[in-house]
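Here's the structure we're looking at; comments come further down.
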Amino acid sequence: MSTVRRDFGSFHSSNVQELLELKDDDYQLPPLPVQGPNFLDIKPDLHFGKSIKNKYFILEEECTFLNHGAFGATLKDALLVAQKWQMYTEKQPLRFFDRELLPLLVYVTRRLAKFVGCDPRDLLLVQNATTGINCVIKNLGLGPGDVIFSLSVTYGAVKKLLKHICAETGSILQEETVQFPITSRDQLISLVESTLRPEVTKLAVFDHIPSNIPFIMPIQEIIAICHKRGVPVLVDGAHALGSLPLDIASLKPDYYISNAHKWFCCPKGCAFLYVKRELQSVIRPLVISHGFGSGFNSEFIWSGLKDYSPFLSMPTVIDFWETVGPDTMRKYMYQLCHQAAEHLVHVWNTDLIAPADMFGSMSLVRLPDTLYNSSSPATYQQAEVIQNKLYYKFNIEGQNVLEYTTTY
């Protein structure tokens, strides 16, 4: 049976590692002073659409919101639960932080680990994917001549991080260009096979779903190629949680990061970082605090005083997904997205940037040639004009689509 006790700092309930190591049969749920909804009103034949959006989200009725991949939209019930946690915290702050918080975060970690298919001892709660990726990259001890392998579709902020690390350490960024339009998954697999150099490459970085060009990367095959050559892999899965069925144990990445606020619909400031057990000894948090020296998860679970309510609302989000059914939700998202993409391809007489079966909850459609000079590469400024026209005239929010549809 699980019991709480002091392990680090002045926290009266900080035996984080011990609680995470317990088998499910031996683990005891901590008291939950804030209760979330049970979603008993959700029926097996739930029909998605406008009524569901209005019931479970607070998106403006006037706006056609097509940019869910940027900052997401929070499940209304989860937002209310997060606010209840904030109120509860302030009733007796010392009790909450000193005696209750850490066992609650262990509970959240265990719930999330089960949802994404990994051991809870290998999973860390972080504020966002950017934090998780920085944590990995900055702990690798890269030096002169070491190569970081990536593709041209890598997220912009990550590209800047890799360039910064290379400038700081003398390591080398090898960025291979993905040619558009993409013809098949094999094109990407072949690109990695033909360019990855095992003797010098210390890390390979791939997006599971590239943010700007949102095809689904054949990540399992690519990880296998890298591992066969002895190259560890960091997967930026910022868009994956919710939009893809995740089973990290079968995927076998060395590092995996995903946001919970995008397609998973958690309150903002909630993500996870997975680190393979054998690599945990070199990964340290960006902020060193009381948990240092008390175990891998303990070092990350407390990074100082902040609002932990987004994490504490995550069980409500998981309950929602498990009640409705992850496969049911993804099937609806995929079908709606594919129908919209097919319609635009037909009306505009254009095409997709990749085969339709490589897209999931997002697609990328080329804009009609009449909107720009198709004889030369489109510019960010041209796309921005179109984006702003849709926003200001029609109240359509679709940034991820519009910024990049005209680039090939």
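Numbering starts fresh at 1 for the residues of each chain in the structure tokens, the chains themselves are lettered A, B, ... in the order given, and ligands are numbered from 1 as they appear.
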Find the residues near range 47-52 of chain A: any atom within 10 Å, counting only C-alpha atoms, skip ones fewer than 5 places away on the same chain, and give them as number ranges by chain. A: 42, 57, 61, 328-329, 332-333
So which residues touch His338 in chain A within 12 Å, counting only C-alpha atoms, skipping near sequence neighbours fewer than 3 positions away, as JSON, numbers by chain? {"A": [330, 331, 332, 333, 334, 335, 341, 342, 343, 344, 345, 352, 355, 356, 357, 358, 359, 360, 361, 362, 363, 364, 365]}
Give one line per residue of range 271-341 of chain A that approaches range 74-83 of chain A to at most 8 Å, naming the two atoms of the closest pair and their distance in Å to one decimal, counting only C-alpha atoms; sort by chain then ascending residue number and deliver it as CSV.
```
residue,atom,partner,partner_atom,distance
A:Ser309,CA,A:Ala82,CA,4.9
A:Pro310,CA,A:Ala82,CA,5.9
A:Leu312,CA,A:Ala82,CA,6.8
A:Ser313,CA,A:Ala82,CA,5.2
A:Met314,CA,A:Ala78,CA,7.2
A:Thr316,CA,A:Ala78,CA,5.8
A:Val317,CA,A:Ala78,CA,6.1
```
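Interatomic distance, CA of Lys23 in chain A to CA of Asp122 in chain A: 14.4 Å.
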Range 289-297 of chain A: which residues within 9 Å, counting only C-alpha atoms, same-chain residues fewer than 2 positions away excluded, as number ranges by chain? A: 7-10, 14-17, 20, 121-125, 280-281, 283-285, 287, 299-304
Please, which residues in range 163-233 of chain A fall within 12 Å of range 240-246 of chain A when counting only C-alpha atoms, and what is the closest atom pair and distance in Å to one decimal for each, ordered by chain then residue number, as JSON lines?
```
{"residue": "A:Asp207", "atom": "CA", "partner": "A:Ala240", "partner_atom": "CA", "distance": 9.4}
{"residue": "A:His208", "atom": "CA", "partner": "A:Ala240", "partner_atom": "CA", "distance": 6.8}
{"residue": "A:Ile209", "atom": "CA", "partner": "A:Ala240", "partner_atom": "CA", "distance": 6.8}
{"residue": "A:Pro210", "atom": "CA", "partner": "A:Ala240", "partner_atom": "CA", "distance": 9.9}
{"residue": "A:Ser211", "atom": "CA", "partner": "A:Ala240", "partner_atom": "CA", "distance": 10.4}
{"residue": "A:Pro214", "atom": "CA", "partner": "A:Ala240", "partner_atom": "CA", "distance": 10.7}
{"residue": "A:Phe215", "atom": "CA", "partner": "A:Ala240", "partner_atom": "CA", "distance": 11.3}
{"residue": "A:Ile216", "atom": "CA", "partner": "A:Leu244", "partner_atom": "CA", "distance": 9.0}
{"residue": "A:Met217", "atom": "CA", "partner": "A:Ala240", "partner_atom": "CA", "distance": 10.7}
{"residue": "A:Ile219", "atom": "CA", "partner": "A:Ala240", "partner_atom": "CA", "distance": 11.6}
{"residue": "A:Gln220", "atom": "CA", "partner": "A:Leu246", "partner_atom": "CA", "distance": 11.3}
```
Taking all heavy atoms for each residue, export the selection above as a CSV table (one decimal), in the first residue's frame.
```
chain,number,residue,atom,x,y,z
A,207,ASP,N,10.2,15.8,-36.2
A,207,ASP,CA,8.8,16.1,-35.8
A,207,ASP,C,7.9,14.9,-36.1
A,207,ASP,O,8.0,14.4,-37.2
A,207,ASP,CB,8.3,17.3,-36.5
A,207,ASP,CG,9.0,18.6,-36.2
A,207,ASP,OD1,10.2,18.6,-36.2
A,207,ASP,OD2,8.3,19.6,-35.9
A,208,HIS,N,7.1,14.5,-35.2
A,208,HIS,CA,6.1,13.4,-35.4
A,208,HIS,C,5.1,14.0,-36.4
A,208,HIS,O,4.7,13.3,-37.4
A,208,HIS,CB,5.4,13.0,-34.2
A,208,HIS,CG,4.9,11.6,-34.2
A,208,HIS,ND1,4.7,10.8,-33.1
A,208,HIS,CD2,4.5,10.8,-35.3
A,208,HIS,CE1,4.2,9.6,-33.5
A,208,HIS,NE2,4.1,9.6,-34.8
A,209,ILE,N,4.6,15.2,-36.2
A,209,ILE,CA,3.8,15.9,-37.2
A,209,ILE,C,4.4,17.3,-37.3
A,209,ILE,O,4.2,18.1,-36.4
A,209,ILE,CB,2.3,16.0,-36.7
A,209,ILE,CG1,1.7,14.6,-36.4
A,209,ILE,CG2,1.5,16.8,-37.7
A,209,ILE,CD1,0.3,14.7,-35.8
A,210,PRO,N,5.1,17.6,-38.4
A,210,PRO,CA,5.6,18.9,-38.5
A,210,PRO,C,4.6,20.0,-38.5
A,210,PRO,O,3.5,19.9,-39.1
A,210,PRO,CB,6.3,18.9,-39.9
A,210,PRO,CG,6.6,17.4,-40.2
A,210,PRO,CD,5.4,16.7,-39.5
A,211,SER,N,4.8,21.0,-37.7
A,211,SER,CA,3.8,22.0,-37.4
A,211,SER,C,3.4,22.8,-38.6
A,211,SER,O,2.2,23.0,-38.9
A,211,SER,CB,4.3,23.0,-36.3
A,211,SER,OG,3.4,24.1,-36.1
A,214,PRO,N,1.8,19.7,-42.0
A,214,PRO,CA,1.4,18.8,-41.0
A,214,PRO,C,1.1,17.3,-41.5
A,214,PRO,O,0.1,16.8,-41.2
A,214,PRO,CB,0.1,19.4,-40.5
A,214,PRO,CG,-0.5,20.1,-41.7
A,214,PRO,CD,0.7,20.6,-42.4
A,215,PHE,N,2.0,16.7,-42.3
A,215,PHE,CA,1.9,15.3,-42.6
A,215,PHE,C,2.4,14.5,-41.4
A,215,PHE,O,3.1,15.0,-40.5
A,215,PHE,CB,2.7,15.0,-43.8
A,215,PHE,CG,4.2,15.2,-43.7
A,215,PHE,CD1,5.1,14.3,-43.2
A,215,PHE,CD2,4.7,16.5,-44.1
A,215,PHE,CE1,6.4,14.5,-43.1
A,215,PHE,CE2,6.1,16.7,-44.0
A,215,PHE,CZ,6.9,15.7,-43.4
A,216,ILE,N,2.0,13.3,-41.3
A,216,ILE,CA,2.4,12.4,-40.3
A,216,ILE,C,3.7,11.7,-40.7
A,216,ILE,O,3.7,10.9,-41.7
A,216,ILE,CB,1.3,11.3,-39.9
A,216,ILE,CG1,0.0,12.1,-39.5
A,216,ILE,CG2,1.7,10.4,-38.8
A,216,ILE,CD1,-1.2,11.1,-39.4
A,217,MET,N,4.7,11.9,-40.0
A,217,MET,CA,6.0,11.4,-40.3
A,217,MET,C,6.0,9.9,-40.0
A,217,MET,O,5.4,9.4,-39.0
A,217,MET,CB,7.1,12.0,-39.4
A,217,MET,CG,8.5,11.7,-39.7
A,217,MET,SD,9.1,12.7,-41.1
A,217,MET,CE,9.2,14.3,-40.4
A,219,ILE,N,7.5,7.8,-38.3
A,219,ILE,CA,8.5,8.0,-37.3
A,219,ILE,C,9.0,6.6,-36.8
A,219,ILE,O,10.2,6.5,-36.4
A,219,ILE,CB,7.9,8.8,-36.1
A,219,ILE,CG1,9.0,9.4,-35.3
A,219,ILE,CG2,6.9,8.0,-35.3
A,219,ILE,CD1,9.8,10.4,-36.0
A,220,GLN,N,8.2,5.6,-36.8
A,220,GLN,CA,8.6,4.3,-36.3
A,220,GLN,C,9.7,3.7,-37.2
A,220,GLN,O,10.7,3.2,-36.7
A,220,GLN,CB,7.5,3.3,-36.1
A,220,GLN,CG,7.8,2.0,-35.4
A,220,GLN,CD,6.6,1.4,-34.6
A,220,GLN,OE1,5.5,1.7,-34.9
A,220,GLN,NE2,6.9,0.6,-33.6
```
Which residues are near Pro198 in chain A? Cut-off 12 Å, only C-alpha atoms, ignore same chain within fewer than 3 positions. Put them as a count of residues only. 20
Would you mind listing what lies within 12 Å of Leu173 in chain A as number ranges by chain, with only C-alpha atoms counted and same-chain residues fewer than 5 positions away left out? A: 142-152, 158-167, 196, 200-205
